[in-house]
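Shown next, in structure tokens, is the structure this report addresses.
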Amino acid sequence: MTLTTRTPSALAAALRDIQAPVRPDLEAVGQELWRIVSADVPLVQNVQEHLMGMKGKLFRPTLLLLSSSVEGESPRRAVTFAAIIELIHLATLVHDDAVDHSVLRRGMPTLNALFSHQVSVIMGDYLYLRALRELVTIGDLEAMRAITFASNEMTLGEIRQLAQYDALSFSERDYETLIRAKTAALFMAACDVGAQCGAPQHREALSRFGERLGMAFQVADDLLDYTEQQEMTGKPSGLDLKEHKVTLPLIAALREMPASARARVDALFASAEPEEEAIAEVVTIVREHGGLEYARRRADQYSREAEEALADLPEGPSKSSLLDAIGYVVERRW
């Protein structure tokens with residue numbers, strides 16, 4: 001697998017193809033989401049309607065359902081677990097928006113913008129607790145263990161990131177630990193629980209696949225901040241740099257850049273609100289000193305490891321879609 005550029009419409013078509021083997025179950029996931037979060041409280045109902053409109057491409061539920069069906073038809077309970085995984089993901093997005101005081105998510109107003117910061121925090125908690133309540137109702141201890149472990153890892157990842165006082169001392173090992181917790185843990189849980197439902201003998205392989213896929217996903221996502229062109233300016237957004245977040249492209253470039261370039265990076269991170277010109281300059285520095293190329297190679301490596309994890313799975317539509325998901329992850333545009 002290699003990082004390439006495909007149009008948004010091509011990627012949307014690719015995702016539809018990936019989801020084709022589990023399309024009916026994915027449609028049922030949406031219904032399960034409504035059932036699990038429903039409450040006879042007007043504010044909850046209003047927030048719920050907005051969140052259901054915000055839900056994304058259901059990629060993590062797709063991975064769970066595909067994992068559960070590698071040996072045949074996915075069992076019914078996999079749909080409920082897929083909805084729970086999506087609820088956990090939605091809860092993290094709501095909490096992220098609350099922490100960052102974001103006003104937009106996927107082009108839509110966040111709960112912060114529509115309601116309040118307090119509502120956003122409480123609704124994130126509500127989504128987590130509804131997911132946990134459903135797990136208790138099901139009573140599958142092993143699935144509960146996998147999902148709660150992932151939730152704990154994601155929370156610890158956020159804490160570690162907040163506790164990083166000297167951002168530019170963030171190492172590649174630190175970065176890997178962070179993205180394994182914040183992103184890969186839920187991918188791994190999705191594939192693990194899917195395997196528990198329908199392919200328990202392939203649980204180790206699918207868990208490994210999910211973790212490696214999640215790592216590739218996050219590296220590719222971090223690359224977009226340096227490469228994705230904004231519609232109005234034609235320049236990369238540089239949002240991570242603006243928020244003083246250190247990701248793999250910058251980590252790799254810091255190892256190669258001379259003192260004069262490092263001084264420009266230091267100046268940006270010393271500024272409470274960096275200017276667009278300073279951000280653009282650092283983006284160029286990272287590109288010129290190999291940061292993007294290094295991150296692409298690491299994403300490719302994670303992708304190859306994800307592909308290798310699937311080697312012994314039985315051939316069929318689900319395995320093919322899981323393999324295609326690797327290319328989708330590293331080629332996507334959000």
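We name chains A, B, ... following the order of the structure tokens; residues begin at 1 in each chain, and ligands are numbered from 1 as shown.
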
Long-range neighbours of range 203-214 of chain A as a list of chain:residue names, 7 Å cut-off, only C-alpha atoms, 2 positions minimum in chain: A:Ser67, A:Thr183, A:Ala184, A:Ala185, A:Phe187, A:Met188, A:Cys191, A:Asp192, A:Ala195, A:Gln196, A:Ala199, A:Pro200, A:Gln201, A:Ala216, A:Phe217, A:Gln218, A:Tyr302, A:Ser303, A:Glu305, A:Ala306, A:Ala309, A:Leu310, A:Ile326

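Take the candidates A:Leu43, A:Leu132, A:Met154, A:Leu65 and check each one against Pro24 in chain A using only C-alpha atoms; the shortest distance goes to A:Leu65.
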
Residue contacts of Gly316 in chain A (12 Å, only C-alpha atoms) excluding same-chain residues fewer than 3 positions away, as JSON, numbers by chain: {"A": [21, 66, 67, 69, 70, 71, 72, 73, 310, 312, 313, 319, 320, 321, 322, 323]}

Given the selection you just returned, output its residues as a file containing C-alpha atoms, formatted as a short mmCIF file (atom, residue, chain, number, x, y, z; two decimals), in the first residue's frame.
```
data_model
loop_
_atom_site.label_atom_id
_atom_site.label_comp_id
_atom_site.auth_asym_id
_atom_site.auth_seq_id
_atom_site.Cartn_x
_atom_site.Cartn_y
_atom_site.Cartn_z
CA PRO A 21 -20.81 -6.95 2.03
CA LEU A 66 -16.60 -7.13 8.28
CA SER A 67 -14.51 -8.81 10.99
CA SER A 69 -18.43 -11.96 8.81
CA VAL A 70 -15.09 -13.26 7.50
CA GLU A 71 -16.40 -16.81 7.81
CA GLY A 72 -19.98 -16.20 6.77
CA GLU A 73 -23.02 -14.21 7.78
CA LEU A 310 -4.96 -10.75 7.21
CA ASP A 312 -4.39 -16.41 6.86
CA LEU A 313 -8.02 -15.28 6.84
CA LYS A 319 -11.53 -10.19 3.64
CA SER A 320 -11.39 -8.34 0.33
CA SER A 321 -13.16 -5.35 1.89
CA LEU A 322 -10.81 -5.34 4.87
CA LEU A 323 -7.86 -5.28 2.48
#
```

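Distance annotation: of A:Ile147, A:Leu111, A:Ala39, A:Val121, the residue with the minimal separation from Ile88 in chain A is A:Ile147; atom set is only C-alpha atoms.
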
Which residues come within 7 Å of range 169-176 of chain A, counting only C-alpha atoms, excluding same-chain residues fewer than 5 positions away, as a PyMOL selection string? chain A and resi 246-248+251

Hey, what does DSSP flag as helix (DSSP H, G or I) within range 238-316 of chain A? Can you give it to me as a VMD selection string? chain A and resid 239 to 242 248 to 254 259 to 270 276 to 288 291 to 309

Nearest to Ala83 in chain A: which of A:Leu241, A:Ala278, A:Val29, A:Val219 is it, counting only C-alpha atoms? A:Val29

Strand (DSSP E) call set, DSSP backbone run, range 38-282 of chain A, as a ChimeraX atom specification: /A:104-105,108-109

Take the residues from that selection and write them out as an mmCIF file, in the first residue's frame, keeping all heavy atoms.
```cif
data_model
loop_
_atom_site.group_PDB
_atom_site.id
_atom_site.type_symbol
_atom_site.label_atom_id
_atom_site.label_comp_id
_atom_site.auth_asym_id
_atom_site.auth_seq_id
_atom_site.Cartn_x
_atom_site.Cartn_y
_atom_site.Cartn_z
ATOM 1 N N LEU A 104 -17.183 23.922 14.678
ATOM 2 C CA LEU A 104 -17.564 23.153 13.500
ATOM 3 C C LEU A 104 -16.978 21.756 13.575
ATOM 4 O O LEU A 104 -15.861 21.559 14.046
ATOM 5 C CB LEU A 104 -17.081 23.830 12.209
ATOM 6 C CG LEU A 104 -17.832 25.067 11.719
ATOM 7 C CD1 LEU A 104 -17.133 25.645 10.501
ATOM 8 C CD2 LEU A 104 -19.290 24.739 11.408
ATOM 9 N N ARG A 105 -17.741 20.793 13.094
ATOM 10 C CA ARG A 105 -17.289 19.413 12.987
ATOM 11 C C ARG A 105 -17.918 18.840 11.740
ATOM 12 O O ARG A 105 -19.133 18.807 11.596
ATOM 13 C CB ARG A 105 -17.696 18.617 14.227
ATOM 14 C CG ARG A 105 -17.636 17.113 14.104
ATOM 15 C CD ARG A 105 -16.259 16.556 14.186
ATOM 16 N NE ARG A 105 -15.621 16.757 15.486
ATOM 17 C CZ ARG A 105 -14.416 16.265 15.793
ATOM 18 N NH1 ARG A 105 -13.736 15.565 14.899
ATOM 19 N NH2 ARG A 105 -13.874 16.500 16.987
ATOM 20 N N MET A 108 -20.516 20.922 10.109
ATOM 21 C CA MET A 108 -21.748 21.196 10.848
ATOM 22 C C MET A 108 -21.413 21.841 12.183
ATOM 23 O O MET A 108 -20.335 21.609 12.743
ATOM 24 C CB MET A 108 -22.523 19.886 11.084
ATOM 25 C CG MET A 108 -23.045 19.226 9.827
ATOM 26 S SD MET A 108 -23.891 17.677 10.231
ATOM 27 C CE MET A 108 -25.250 18.275 11.254
ATOM 28 N N PRO A 109 -22.329 22.636 12.736
ATOM 29 C CA PRO A 109 -22.090 23.218 14.062
ATOM 30 C C PRO A 109 -21.941 22.129 15.123
ATOM 31 O O PRO A 109 -22.638 21.120 15.090
ATOM 32 C CB PRO A 109 -23.352 24.060 14.320
ATOM 33 C CG PRO A 109 -23.960 24.265 12.984
ATOM 34 C CD PRO A 109 -23.615 23.066 12.162
#
```

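Picture a line from CA of Leu15 in chain A to CA of Ile138 in chain A; it runs 29.8 Å.
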
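Shortest atom-to-atom contact with Ser120 in chain A among A:Arg133, A:His50, A:Lys57, A:Arg77: A:His50, counting only C-alpha atoms.
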
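Taking only C-alpha atoms, the non-local environment of Ser38 in chain A within 8 Å (same-chain residues fewer than 6 positions away omitted) comprises Val44, Gln45 and Gln48 of chain A.
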
Would you write out those residues with C-alpha atoms, as a CSV table (one decimal), in the first residue's frame?
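So the final result, stored in selection.csv, reads:
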```
chain,number,residue,atom,x,y,z
A,44,VAL,CA,-31.6,14.9,24.9
A,45,GLN,CA,-33.9,14.5,22.0
A,48,GLN,CA,-29.7,13.3,19.7
```
